[in-house]
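As provided, model-v6.pdb (PDB, C-alpha atoms) reads as follows.
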ATOM      1  CA  MET A 197       0.000   0.000   0.000
ATOM      2  CA  LYS A 198       1.380   3.398  -0.981
ATOM      3  CA  LEU A 199       1.075   6.305   1.431
ATOM      4  CA  ASN A 200       0.073   9.673   0.014
ATOM      5  CA  HIS A 201       2.834  11.921   1.296
ATOM      6  CA  ASN A 202       4.133  15.376   0.507
ATOM      7  CA  ILE A 203       6.824  17.804   1.531
ATOM      8  CA  LEU A 204       5.104  20.238   3.860
ATOM      9  CA  GLU A 205       5.666  23.321   1.750
ATOM     10  CA  SER A 206       3.743  21.923  -1.222
ATOM     11  CA  SER A 207       0.268  21.239   0.140
ATOM     12  CA  ALA A 208      -1.831  20.928   3.266
ATOM     13  CA  LEU A 209      -2.904  17.727   4.968
ATOM     14  CA  LEU A 210      -6.607  16.952   4.888
ATOM     15  CA  SER A 211      -6.750  14.374   7.692
ATOM     16  CA  GLU A 212      -8.967  14.974  10.695
ATOM     17  CA  HIS A 213      -6.469  13.550  13.194
ATOM     18  CA  LEU A 214      -2.753  14.383  13.134
ATOM     19  CA  SER A 215       0.087  12.606  14.943
ATOM     20  CA  ILE A 216       3.473  14.339  15.140
ATOM     21  CA  GLY A 217       6.804  12.581  15.607
ATOM     22  CA  PHE A 218       9.826  11.002  13.959
ATOM     23  CA  PHE A 219       8.436   7.457  14.469
ATOM     24  CA  ASP A 220      11.596   5.461  13.686
ATOM     25  CA  GLY A 221      10.577   1.804  13.610
ATOM     26  CA  VAL A 222       6.860   2.595  14.046
ATOM     27  CA  HIS A 223       6.910   0.424  17.180
ATOM     28  CA  LEU A 224       4.120  -0.329  19.654
ATOM     29  CA  GLY A 225       4.813   2.855  21.602
ATOM     30  CA  HIS A 226       4.420   4.889  18.427
ATOM     31  CA  GLN A 227       1.204   3.098  17.582
ATOM     32  CA  ARG A 228      -0.302   4.263  20.869
ATOM     33  CA  ILE A 229       0.395   7.849  19.719
ATOM     34  CA  LEU A 230      -0.814   7.277  16.155
ATOM     35  CA  PHE A 231      -4.100   5.789  17.329
ATOM     36  CA  PRO A 232      -5.038   7.151  20.771
ATOM     37  CA  ASP A 233      -7.527   5.049  22.736
ATOM     38  CA  GLU A 234      -9.984   7.952  22.733
ATOM     39  CA  LEU A 235     -10.306   7.732  18.929
ATOM     40  CA  LYS A 236     -10.691   3.978  18.507
ATOM     41  CA  SER A 237     -14.484   4.166  18.420
ATOM     42  CA  LYS A 238     -14.556   7.127  16.024
ATOM     43  CA  GLU A 239     -14.471   7.199  12.230
ATOM     44  CA  VAL A 240     -11.704   9.699  11.517
ATOM     45  CA  SER A 241      -8.958   9.913   8.908
ATOM     46  CA  HIS A 242      -5.458   9.647  10.355
ATOM     47  CA  GLY A 243      -2.483  11.646   9.125
ATOM     48  CA  VAL A 244       1.116  12.064  10.242
ATOM     49  CA  LEU A 245       3.522  14.986  10.379
ATOM     50  CA  THR A 246       7.068  13.672  10.514
ATOM     51  CA  PHE A 247      10.628  14.842   9.868
ATOM     52  CA  TRP A 248      13.538  13.813   7.646
ATOM     53  CA  PRO A 249      16.387  13.410   8.229
ATOM     54  CA  HIS A 250      16.600  12.660  11.950
ATOM     55  CA  PRO A 251      16.782  15.935  13.925
ATOM     56  CA  LYS A 252      20.086  14.874  15.491
ATOM     57  CA  ALA A 253      21.674  15.001  12.039
ATOM     58  CA  SER A 254      21.512  18.796  12.352
ATOM     59  CA  LEU A 255      21.572  19.274  16.111
ATOM     60  CA  SER A 256      24.158  16.808  17.388
ATOM     61  CA  ASP A 257      27.913  16.719  16.794
ATOM     62  CA  SER A 258      27.639  12.921  16.594
ATOM     63  CA  GLY A 259      25.018  13.128  13.842
ATOM     64  CA  SER A 260      21.984  10.961  13.299
ATOM     65  CA  PRO A 261      21.704   7.627  15.098
ATOM     66  CA  GLU A 262      21.627   4.486  12.974
ATOM     67  CA  LEU A 263      17.939   3.956  12.249
ATOM     68  CA  LEU A 264      15.552   1.016  12.422
ATOM     69  CA  THR A 265      13.794   1.991   9.205
ATOM     70  CA  SER A 266      14.591   3.932   6.069
ATOM     71  CA  PHE A 267      12.305   6.801   5.088
ATOM     72  CA  GLU A 268      10.560   4.630   2.485
ATOM     73  CA  GLU A 269      10.022   1.754   4.903
ATOM     74  CA  LYS A 270       8.628   4.107   7.544
ATOM     75  CA  LEU A 271       6.033   5.336   5.049
ATOM     76  CA  GLU A 272       5.191   1.731   4.142
ATOM     77  CA  LEU A 273       4.699   0.781   7.788
ATOM     78  CA  LEU A 274       2.529   3.825   8.464
ATOM     79  CA  ALA A 275       0.361   2.966   5.454
ATOM     80  CA  SER A 276      -0.006  -0.649   6.594
ATOM     81  CA  LEU A 277      -1.423   0.590   9.911
ATOM     82  CA  GLY A 278      -4.057   2.756   8.245
ATOM     83  CA  ILE A 279      -2.352   6.151   7.999
ATOM     84  CA  SER A 280      -3.654   7.720   4.804
ATOM     85  CA  GLU A 281      -1.551  10.880   4.497
ATOM     86  CA  CYS A 282       1.844  12.065   5.629
ATOM     87  CA  SER A 283       3.528  15.457   5.466
ATOM     88  CA  VAL A 284       7.285  15.692   5.861
ATOM     89  CA  ILE A 285       9.337  18.559   7.236
ATOM     90  CA  ARG A 286      12.891  18.689   5.928
ATOM     91  CA  PHE A 287      14.730  18.978   9.210
ATOM     92  CA  ASN A 288      17.803  21.084   8.564
ATOM     93  CA  ARG A 289      19.751  23.778  10.392
ATOM     94  CA  GLU A 290      17.421  26.509   9.108
ATOM     95  CA  PHE A 291      14.291  24.748  10.334
ATOM     96  CA  SER A 292      15.896  24.032  13.708
ATOM     97  CA  GLN A 293      16.250  27.789  14.283
ATOM     98  CA  GLN A 294      12.492  28.381  14.120
ATOM     99  CA  THR A 295      10.797  29.293  17.374
ATOM    100  CA  HIS A 296       8.102  27.127  18.861
ATOM    101  CA  GLN A 297       5.595  29.847  17.985
ATOM    102  CA  GLN A 298       6.605  29.564  14.328
ATOM    103  CA  PHE A 299       6.023  25.816  14.467
ATOM    104  CA  LEU A 300       2.533  26.423  15.837
ATOM    105  CA  GLU A 301       1.935  28.808  12.938
ATOM    106  CA  ILE A 302       2.813  25.986  10.544
ATOM    107  CA  LEU A 303       0.154  23.828  12.183
ATOM    108  CA  SER A 304      -2.402  26.634  11.998
ATOM    109  CA  ASN A 305      -1.742  27.455   8.357
ATOM    110  CA  ARG A 306      -1.155  24.029   6.875
ATOM    111  CA  PHE A 307      -3.635  21.810   8.717
ATOM    112  CA  PRO A 308      -7.008  23.572   8.593
ATOM    113  CA  HIS A 309      -9.167  20.438   8.972
ATOM    114  CA  LEU A 310      -7.816  19.145  12.264
ATOM    115  CA  GLN A 311     -10.244  17.852  14.831
ATOM    116  CA  SER A 312      -7.647  16.195  17.048
ATOM    117  CA  LEU A 313      -3.887  16.020  17.586
ATOM    118  CA  SER A 314      -1.577  13.579  19.374
ATOM    119  CA  VAL A 315       2.108  13.498  20.371
ATOM    120  CA  GLY A 316       4.275  11.477  22.720
ATOM    121  CA  SER A 317       4.829  12.720  26.250
ATOM    122  CA  ASN A 318       8.517  13.432  25.493
ATOM    123  CA  PHE A 319       7.720  15.625  22.461
ATOM    124  CA  ARG A 320       9.370  19.056  22.326
ATOM    125  CA  PHE A 321       9.483  21.546  19.474
ATOM    126  CA  GLY A 322      10.985  24.840  18.383
ATOM    127  CA  HIS A 323      14.501  26.226  18.694
ATOM    128  CA  GLN A 324      16.384  24.543  21.548
ATOM    129  CA  ARG A 325      13.237  22.503  22.324
ATOM    130  CA  THR A 326      11.590  25.457  24.051
ATOM    131  CA  GLY A 327       8.069  24.382  23.045
ATOM    132  CA  SER A 328       6.487  22.124  25.662
ATOM    133  CA  ILE A 329       3.538  19.737  25.799
ATOM    134  CA  GLU A 330       1.680  22.438  27.720
ATOM    135  CA  ASP A 331       2.302  24.951  24.913
ATOM    136  CA  LEU A 332       0.931  22.522  22.354
ATOM    137  CA  ALA A 333      -2.087  21.658  24.496
ATOM    138  CA  HIS A 334      -2.849  25.361  25.000
ATOM    139  CA  TRP A 335      -2.635  26.022  21.257
ATOM    140  CA  ALA A 336      -4.936  23.052  20.536
ATOM    141  CA  LYS A 337      -7.508  24.333  23.061
ATOM    142  CA  GLN A 338      -7.480  27.746  21.378
ATOM    143  CA  GLN A 339      -8.119  26.063  18.024
ATOM    144  CA  THR A 340     -10.888  23.838  19.527
ATOM    145  CA  ILE A 341      -8.781  20.790  18.644
ATOM    146  CA  ASP A 342      -8.846  17.749  20.925
ATOM    147  CA  PHE A 343      -5.361  17.066  22.257
ATOM    148  CA  TYR A 344      -4.012  13.654  23.285
ATOM    149  CA  CYS A 345      -0.678  12.864  24.892
ATOM    150  CA  PRO A 346      -0.590   9.147  25.766
ATOM    151  CA  PRO A 347       1.939   8.079  28.394
ATOM    152  CA  LEU A 348       5.003   6.255  27.103
ATOM    153  CA  LEU A 349       4.307   2.551  26.683
ATOM    154  CA  GLN A 350       5.948   0.186  29.155
ATOM    155  CA  ILE A 351       6.315  -3.581  28.769
ATOM    156  CA  SER A 352       7.702  -5.649  31.632
ATOM    157  CA  GLY A 353       8.911  -2.469  33.313
ATOM    158  CA  GLU A 354      10.806  -1.173  30.251
ATOM    159  CA  THR A 355       9.796   2.027  28.473
ATOM    160  CA  ILE A 356       9.528   1.245  24.765
ATOM    161  CA  SER A 357      11.590   3.555  22.579
ATOM    162  CA  SER A 358      13.420   3.454  19.270
ATOM    163  CA  SER A 359      16.771   3.774  21.066
ATOM    164  CA  LEU A 360      15.947   0.768  23.276
ATOM    165  CA  ILE A 361      15.072  -1.344  20.236
ATOM    166  CA  ARG A 362      18.273  -0.236  18.484
ATOM    167  CA  ALA A 363      20.219  -1.465  21.525
ATOM    168  CA  LEU A 364      18.426  -4.823  21.327
ATOM    169  CA  ILE A 365      19.397  -5.126  17.662
ATOM    170  CA  VAL A 366      23.037  -4.384  18.526
ATOM    171  CA  ASP A 367      22.815  -7.213  21.089
ATOM    172  CA  GLY A 368      21.182  -9.547  18.561
ATOM    173  CA  ASP A 369      18.058  -9.942  20.695
ATOM    174  CA  PHE A 370      15.575 -10.210  17.837
ATOM    175  CA  ALA A 371      12.840 -11.894  19.882
ATOM    176  CA  LYS A 372      12.649  -9.018  22.342
ATOM    177  CA  ALA A 373      12.902  -6.467  19.546
ATOM    178  CA  GLN A 374       9.955  -8.165  17.846
ATOM    179  CA  SER A 375       7.869  -7.980  21.015
ATOM    180  CA  TYR A 376       8.431  -4.215  21.157
ATOM    181  CA  LEU A 377       8.041  -3.573  17.432
ATOM    182  CA  GLY A 378       4.842  -5.581  17.222
ATOM    183  CA  ARG A 379       6.188  -7.414  14.152
ATOM    184  CA  PRO A 380       9.325  -9.362  13.180
ATOM    185  CA  TYR A 381      12.480  -7.271  13.039
ATOM    186  CA  THR A 382      13.697  -6.833   9.464
ATOM    187  CA  ILE A 383      16.574  -5.239   7.568
ATOM    188  CA  THR A 384      15.260  -3.626   4.393
ATOM    189  CA  GLY A 385      17.352  -2.306   1.533
ATOM    190  CA  LYS A 386      17.579  -2.030  -2.225
ATOM    191  CA  VAL A 387      19.655  -4.673  -4.030
ATOM    192  CA  VAL A 388      22.708  -2.954  -5.494
ATOM    193  CA  GLN A 389      25.679  -3.988  -7.613
ATOM    194  CA  GLY A 390      28.424  -5.599  -5.554
ATOM    195  CA  GLN A 391      31.859  -6.948  -6.424
ATOM    196  CA  GLN A 392      30.278 -10.293  -7.455
ATOM    197  CA  ARG A 393      32.799 -12.343  -5.498
ATOM    198  CA  GLY A 394      30.033 -14.663  -4.334
ATOM    199  CA  ARG A 395      29.136 -15.532  -7.909
ATOM    200  CA  THR A 396      32.756 -16.344  -8.769
ATOM    201  CA  ILE A 397      32.950 -18.894  -5.917
ATOM    202  CA  GLY A 398      29.581 -20.466  -6.641
ATOM    203  CA  PHE A 399      27.361 -18.660  -4.131
ATOM    204  CA  PRO A 400      25.838 -15.523  -5.697
ATOM    205  CA  THR A 401      24.680 -12.913  -3.220
ATOM    206  CA  ALA A 402      22.352  -9.929  -3.212
ATOM    207  CA  ASN A 403      24.125  -6.873  -1.825
ATOM    208  CA  LEU A 404      21.870  -4.499   0.097
ATOM    209  CA  ASP A 405      22.102  -0.739   0.404
ATOM    210  CA  ILE A 406      21.833  -0.373   4.184
ATOM    211  CA  THR A 407      22.999   3.252   4.418
ATOM    212  CA  GLY A 408      22.045   4.758   7.770
ATOM    213  CA  LEU A 409      20.465   1.596   9.194
ATOM    214  CA  GLN A 410      21.208  -0.016  12.539
ATOM    215  CA  LEU A 411      22.714  -3.469  11.964
ATOM    216  CA  PRO A 412      22.931  -6.560  14.156
ATOM    217  CA  PRO A 413      26.340  -7.964  15.163
ATOM    218  CA  SER A 414      28.637  -9.075  12.357
ATOM    219  CA  GLY A 415      28.372 -12.697  11.354
ATOM    220  CA  VAL A 416      26.384 -15.262   9.421
ATOM    221  CA  TYR A 417      22.639 -15.745   9.909
ATOM    222  CA  ALA A 418      19.859 -17.987   8.693
ATOM    223  CA  VAL A 419      17.229 -15.546   7.441
ATOM    224  CA  ASN A 420      14.001 -15.204   5.537
ATOM    225  CA  ALA A 421      14.423 -13.061   2.424
ATOM    226  CA  ILE A 422      11.226 -11.406   1.236
ATOM    227  CA  THR A 423      10.992  -9.985  -2.263
ATOM    228  CA  GLU A 424       7.751  -8.898  -3.931
ATOM    229  CA  ASN A 425       5.775 -10.596  -1.131
ATOM    230  CA  GLN A 426       7.497 -13.949  -1.669
ATOM    231  CA  LYS A 427       9.435 -15.446   1.238
ATOM    232  CA  HIS A 428      12.611 -17.446   0.601
ATOM    233  CA  HIS A 429      15.076 -19.219   2.862
ATOM    234  CA  ALA A 430      18.482 -17.574   2.746
ATOM    235  CA  VAL A 431      21.824 -17.033   4.466
ATOM    236  CA  MET A 432      22.984 -13.511   5.301
ATOM    237  CA  ASN A 433      26.499 -12.282   6.023
ATOM    238  CA  ILE A 434      27.123  -8.988   7.809
ATOM    239  CA  GLY A 435      30.713  -7.856   7.853
ATOM    240  CA  THR A 436      33.729  -6.448   6.062
ATOM    241  CA  ASN A 437      34.815  -9.493   4.016
ATOM    242  CA  PRO A 438      38.084 -10.012   5.954
ATOM    243  CA  THR A 439      39.172 -12.846   3.639
ATOM    244  CA  PHE A 440      39.369 -10.345   0.764
ATOM    245  CA  ASN A 441      40.227  -7.184   2.717
ATOM    246  CA  SER A 442      43.482  -6.784   4.634
ATOM    247  CA  GLN A 443      43.696  -5.016   7.976
ATOM    248  CA  ASP A 444      45.048  -1.985   6.105
ATOM    249  CA  ASN A 445      42.083  -2.034   3.709
ATOM    250  CA  VAL A 446      39.110  -2.647   5.976
ATOM    251  CA  SER A 447      35.915  -1.704   4.163
ATOM    252  CA  GLU A 448      32.590  -0.602   5.585
ATOM    253  CA  GLN A 449      30.179  -3.231   6.803
ATOM    254  CA  LYS A 450      28.188  -4.886   4.070
ATOM    255  CA  VAL A 451      25.039  -6.997   4.053
ATOM    256  CA  GLU A 452      25.134  -9.863   1.555
ATOM    257  CA  VAL A 453      22.365 -12.415   1.151
ATOM    258  CA  HIS A 454      22.510 -15.781  -0.616
ATOM    259  CA  ILE A 455      18.951 -16.913  -1.378
ATOM    260  CA  ILE A 456      18.795 -20.708  -1.410
ATOM    261  CA  GLU A 457      17.770 -22.287  -4.747
ATOM    262  CA  PHE A 458      17.071 -18.911  -6.323
ATOM    263  CA  ASP A 459      18.462 -17.677  -9.633
ATOM    264  CA  GLN A 460      16.381 -14.602 -10.549
ATOM    265  CA  SER A 461      17.854 -11.144 -11.122
ATOM    266  CA  ILE A 462      16.610  -8.784  -8.420
ATOM    267  CA  TYR A 463      18.904  -5.791  -8.949
ATOM    268  CA  GLY A 464      17.076  -2.595  -8.035
ATOM    269  CA  GLN A 465      14.385  -4.398  -6.063
ATOM    270  CA  VAL A 466      13.782  -3.879  -2.358
ATOM    271  CA  LEU A 467      14.700  -6.934  -0.292
ATOM    272  CA  LYS A 468      13.422  -7.412   3.233
ATOM    273  CA  ILE A 469      15.523  -9.640   5.491
ATOM    274  CA  GLU A 470      14.123 -11.279   8.623
ATOM    275  CA  PRO A 471      16.933 -12.748  10.786
ATOM    276  CA  ILE A 472      15.984 -16.157  12.192
ATOM    277  CA  HIS A 473      19.106 -17.643  13.788
ATOM    278  CA  PHE A 474      22.731 -16.635  14.329
ATOM    279  CA  ILE A 475      25.027 -19.264  12.788
ATOM    280  CA  ARG A 476      28.571 -18.045  13.443
ATOM    281  CA  ALA A 477      30.809 -15.025  13.875
ATOM    282  CA  GLU A 478      32.671 -13.450  10.968
ATOM    283  CA  LYS A 479      36.023 -15.079  10.259
ATOM    284  CA  LYS A 480      39.055 -14.515   8.035
ATOM    285  CA  PHE A 481      39.855 -17.595   5.956
ATOM    286  CA  THR A 482      43.282 -18.528   4.627
ATOM    287  CA  SER A 483      42.018 -19.258   1.124
ATOM    288  CA  VAL A 484      38.981 -18.986  -1.120
ATOM    289  CA  SER A 485      38.744 -22.773  -1.036
ATOM    290  CA  GLU A 486      38.461 -22.747   2.757
ATOM    291  CA  LEU A 487      35.818 -20.003   2.553
ATOM    292  CA  ARG A 488      33.842 -21.990  -0.017
ATOM    293  CA  GLY A 489      33.861 -25.036   2.264
ATOM    294  CA  GLN A 490      32.636 -22.977   5.220
ATOM    295  CA  ILE A 491      29.813 -21.490   3.156
ATOM    296  CA  ARG A 492      28.648 -25.023   2.322
ATOM    297  CA  LEU A 493      28.606 -25.811   6.028
ATOM    298  CA  ASP A 494      26.698 -22.579   6.729
ATOM    299  CA  LEU A 495      24.101 -23.498   4.122
ATOM    300  CA  ASP A 496      23.712 -26.996   5.547
ATOM    301  CA  LYS A 497      23.193 -25.571   9.019
ATOM    302  CA  ALA A 498      20.677 -23.015   7.728
ATOM    303  CA  LYS A 499      18.699 -25.745   5.935
ATOM    304  CA  PHE A 500      18.694 -27.797   9.147
ATOM    305  CA  ILE A 501      17.389 -24.761  11.057
ATOM    306  CA  PHE A 502      14.608 -24.155   8.535
ATOM    307  CA  LYS A 503      13.694 -27.850   8.549
ATOM    308  CA  GLY A 504      13.390 -27.703  12.328
ATOM    309  CA  ILE A 505      11.148 -24.641  12.120
ATOM    310  CA  ARG A 506       8.838 -26.371   9.624
ATOM    311  CA  GLY A 507       8.665 -29.457  11.816
ATOM    312  CA  SER A 508       7.994 -27.638  15.079
TER     313      SER A 508
END
I need this file expressed as structure tokens, please.
Amino acid sequence: MKLNHNILESSALLSEHLSIGFFDGVHLGHQRILFPDELKSKEVSHGVLTFWPHPKASLSDSGSPELLTSFEEKLELLASLGISECSVIRFNREFSQQTHQQFLEILSNRFPHLQSLSVGSNFRFGHQRTGSIEDLAHWAKQQTIDFYCPPLLQISGETISSSLIRALIVDGDFAKAQSYLGRPYTITGKVVQGQQRGRTIGFPTANLDITGLQLPPSGVYAVNAITENQKHHAVMNIGTNPTFNSQDNVSEQKVEVHIIEFDQSIYGQVLKIEPIHFIRAEKKFTSVSELRGQIRLDLDKAKFIFKGIRGS
């Protein structure tokens, strides 16, 4: 499902309810904001006002955090939940200098059909985050707009947040990440041209563009690979290809996926990877022959894992 979205300057949003936030991962905590309990019995159209890139890209010396979802995947997830429209603010240095009053003017001028508005309880806006929840609630009351600010969602005593889920991914705890996301954790990226080393050794791989995404630990995984709504068994490698790259020529981390018994060209397509089981850590091999033998073992182990899943 495609989400009707626009850059804020081009047109106004027509939705009756508006949720504001960055919504990285569109996790269960976000869903509480997107669909407040008070609206569940009402027939209203739901829209979103979000930002791109991440505000920290402009405001923090360390830049943007690695994200759970790309911009395109975030829109796809919002659409799948029933969000019909989305407006996007380009968050840059110039926008960050606007006062919180100027942000409220944007809401007044660009969203004339609002009946209700929701944000998370940690939402702040305007230059140096001077705009508070109370400021937003006061503005909404003046506009006769219902205002909702659900408390942050807690599960088993933990407050659900994008940063918490990123930490779980770094630890390789996919089961817990799934329980907080409300869906299986996936790595999504476009298939791009690689160096085709896998093809030369008999195991062709799809190389994913994972720019800006949070990755699990390096290593080899049994995964589901989903392309055009078809699910395939596959093996994924995350790492720097140490067998081919010397210590003096360490490359950036790459995500390579060998789809089992699959020979179609999928260059340019979006591939969604669902990690199932960690097989082994990344390793430098002494020869291509040794690497080829290990890949065969990895594939055998992955097939055994998938067979066990089918039989359980």
What's around Leu271 (chain A) at 12 Å? Count only C-alpha atoms, leave out sequence neighbours fewer than 3 positions away in its own chain, and write the answer as a JSON list (two decimals) with C-alpha atoms, in the coordinates of the input.
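And here is the file that came out, around29.json:
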[["chain", "number", "residue", "atom", "x", "y", "z"],
["A", 197, "MET", "CA", 0.00, 0.00, 0.00],
["A", 198, "LYS", "CA", 1.38, 3.40, -0.98],
["A", 199, "LEU", "CA", 1.08, 6.30, 1.43],
["A", 200, "ASN", "CA", 0.07, 9.67, 0.01],
["A", 201, "HIS", "CA", 2.83, 11.92, 1.30],
["A", 202, "ASN", "CA", 4.13, 15.38, 0.51],
["A", 218, "PHE", "CA", 9.83, 11.00, 13.96],
["A", 219, "PHE", "CA", 8.44, 7.46, 14.47],
["A", 220, "ASP", "CA", 11.60, 5.46, 13.69],
["A", 221, "GLY", "CA", 10.58, 1.80, 13.61],
["A", 222, "VAL", "CA", 6.86, 2.60, 14.05],
["A", 243, "GLY", "CA", -2.48, 11.65, 9.12],
["A", 244, "VAL", "CA", 1.12, 12.06, 10.24],
["A", 245, "LEU", "CA", 3.52, 14.99, 10.38],
["A", 246, "THR", "CA", 7.07, 13.67, 10.51],
["A", 247, "PHE", "CA", 10.63, 14.84, 9.87],
["A", 248, "TRP", "CA", 13.54, 13.81, 7.65],
["A", 265, "THR", "CA", 13.79, 1.99, 9.20],
["A", 266, "SER", "CA", 14.59, 3.93, 6.07],
["A", 267, "PHE", "CA", 12.30, 6.80, 5.09],
["A", 268, "GLU", "CA", 10.56, 4.63, 2.48],
["A", 274, "LEU", "CA", 2.53, 3.82, 8.46],
["A", 275, "ALA", "CA", 0.36, 2.97, 5.45],
["A", 276, "SER", "CA", -0.01, -0.65, 6.59],
["A", 277, "LEU", "CA", -1.42, 0.59, 9.91],
["A", 278, "GLY", "CA", -4.06, 2.76, 8.24],
["A", 279, "ILE", "CA", -2.35, 6.15, 8.00],
["A", 280, "SER", "CA", -3.65, 7.72, 4.80],
["A", 281, "GLU", "CA", -1.55, 10.88, 4.50],
["A", 282, "CYS", "CA", 1.84, 12.06, 5.63],
["A", 283, "SER", "CA", 3.53, 15.46, 5.47],
["A", 284, "VAL", "CA", 7.28, 15.69, 5.86]]
**Item:** Long-range neighbours of Gln338 (chain A) as a PyMOL selection string, 12 Å cut-off, all atoms listed in the file, 6 positions minimum in chain
**Value:** chain A and resi 300+304+331-332
**Request:** Translate the PyMOL selection byres ((chain A and resi 261) around 10), as applied to the file shown, into an explicit residue set as a PyMOL selection string.
**Result:** chain A and resi 250-253+256+258-260+262-264+359+362+408-410
**Item:** Output of the PyMOL selection byres ((chain A and resi 413) around 7), listed as an NGL selection string
**Value:** :A and (366-368 or 411-412 or 414-415)
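Take the candidates A:Leu230, A:Ile341, A:Ile501, A:Ile216 and check each one against Ile285 (chain A) using only C-alpha atoms; the shortest distance goes to A:Ile216.
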**Message:** Once the PyMOL selection byres ((chain A and resi 231) around 10) has been evaluated on this model, what residues remain selected, and can you format them as a list of chain:residue names?
**Reply:**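 That expression, the PyMOL selection byres ((chain A and resi 231) around 10), corresponds here to A:His213, A:Leu214, A:Ser215, A:His226, A:Gln227, A:Arg228, A:Ile229, A:Leu230, A:Pro232, A:Asp233, A:Glu234, A:Leu235, A:Lys236, A:His242, A:Leu277, A:Gly278, A:Ile279, A:Ser314, A:Tyr344, A:Pro346.
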**Message:** Taking all atoms listed in the file into account, name the residue in A:Gln465, A:Ser483, A:Ser237, A:Gln389 that is nearest to Thr401 (chain A).
**Reply:**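 Among the listed residues, the smallest separation from Thr401 (chain A) belongs to A:Gln389.
Nearest to Lys270 (chain A) of all the residues A:Thr326, A:Thr384, A:Glu290, A:Gly316 is A:Thr384, counting only C-alpha atoms.
CA of Ala421 (chain A) lies 14.3 Å from CA of Leu495 (chain A).
The smallest atom-to-atom distance between Val431 (chain A) and any of A:Leu467, A:Ile475, A:Ile462, A:Cys345, using only C-alpha atoms, is found for A:Ile475.
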**Prompt:** Which residues, protein or nucleic acid, reach to within 8 Å of (2.8, 27.9, 19.7) in the file's coordinates when using all atoms listed in the file, and can you give that as JSON, numbers by chain?
**Reply:** {"A": [296, 297, 298, 299, 300, 301, 327, 331, 332, 335]}
**Item:** Which of A:Thr482, A:Thr436, A:Gln449, A:Ser358 sits closest to Ile406 (chain A) [using only C-alpha atoms]
**Value:** A:Gln449
Around region 275-283 of chain A, fit a box with edges along x, y and z, padding it by 3 Å on each side, then list its centre and edge lengths in Å to one decimal as JSON.
{"center_x": -0.3, "center_y": 7.4, "center_z": 7.2, "size_x": 13.6, "size_y": 22.1, "size_z": 11.4}
**Request:** Work out how far apart CA of Ile505 (chain A) and CA of Val419 (chain A) are and give it in Å to one decimal.
**Result:**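 Taking CA of Ile505 (chain A) and CA of Val419 (chain A), their separation equals 11.9 Å.
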**Prompt:** Counting all atoms listed in the file, which of A:Ser485, A:Thr295, A:Leu313, A:Ser254 gets nearest to Ser241 (chain A)?
**Reply:**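 Under the stated criterion, the closest residue is A:Leu313.
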**Message:** Rounded to one decimal, what separation in Å do you get between CA of Phe500 (chain A) and CA of Arg395 (chain A)?
**Reply:**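 Result for CA of Phe500 (chain A) versus CA of Arg395 (chain A): 23.5 Å, one decimal.
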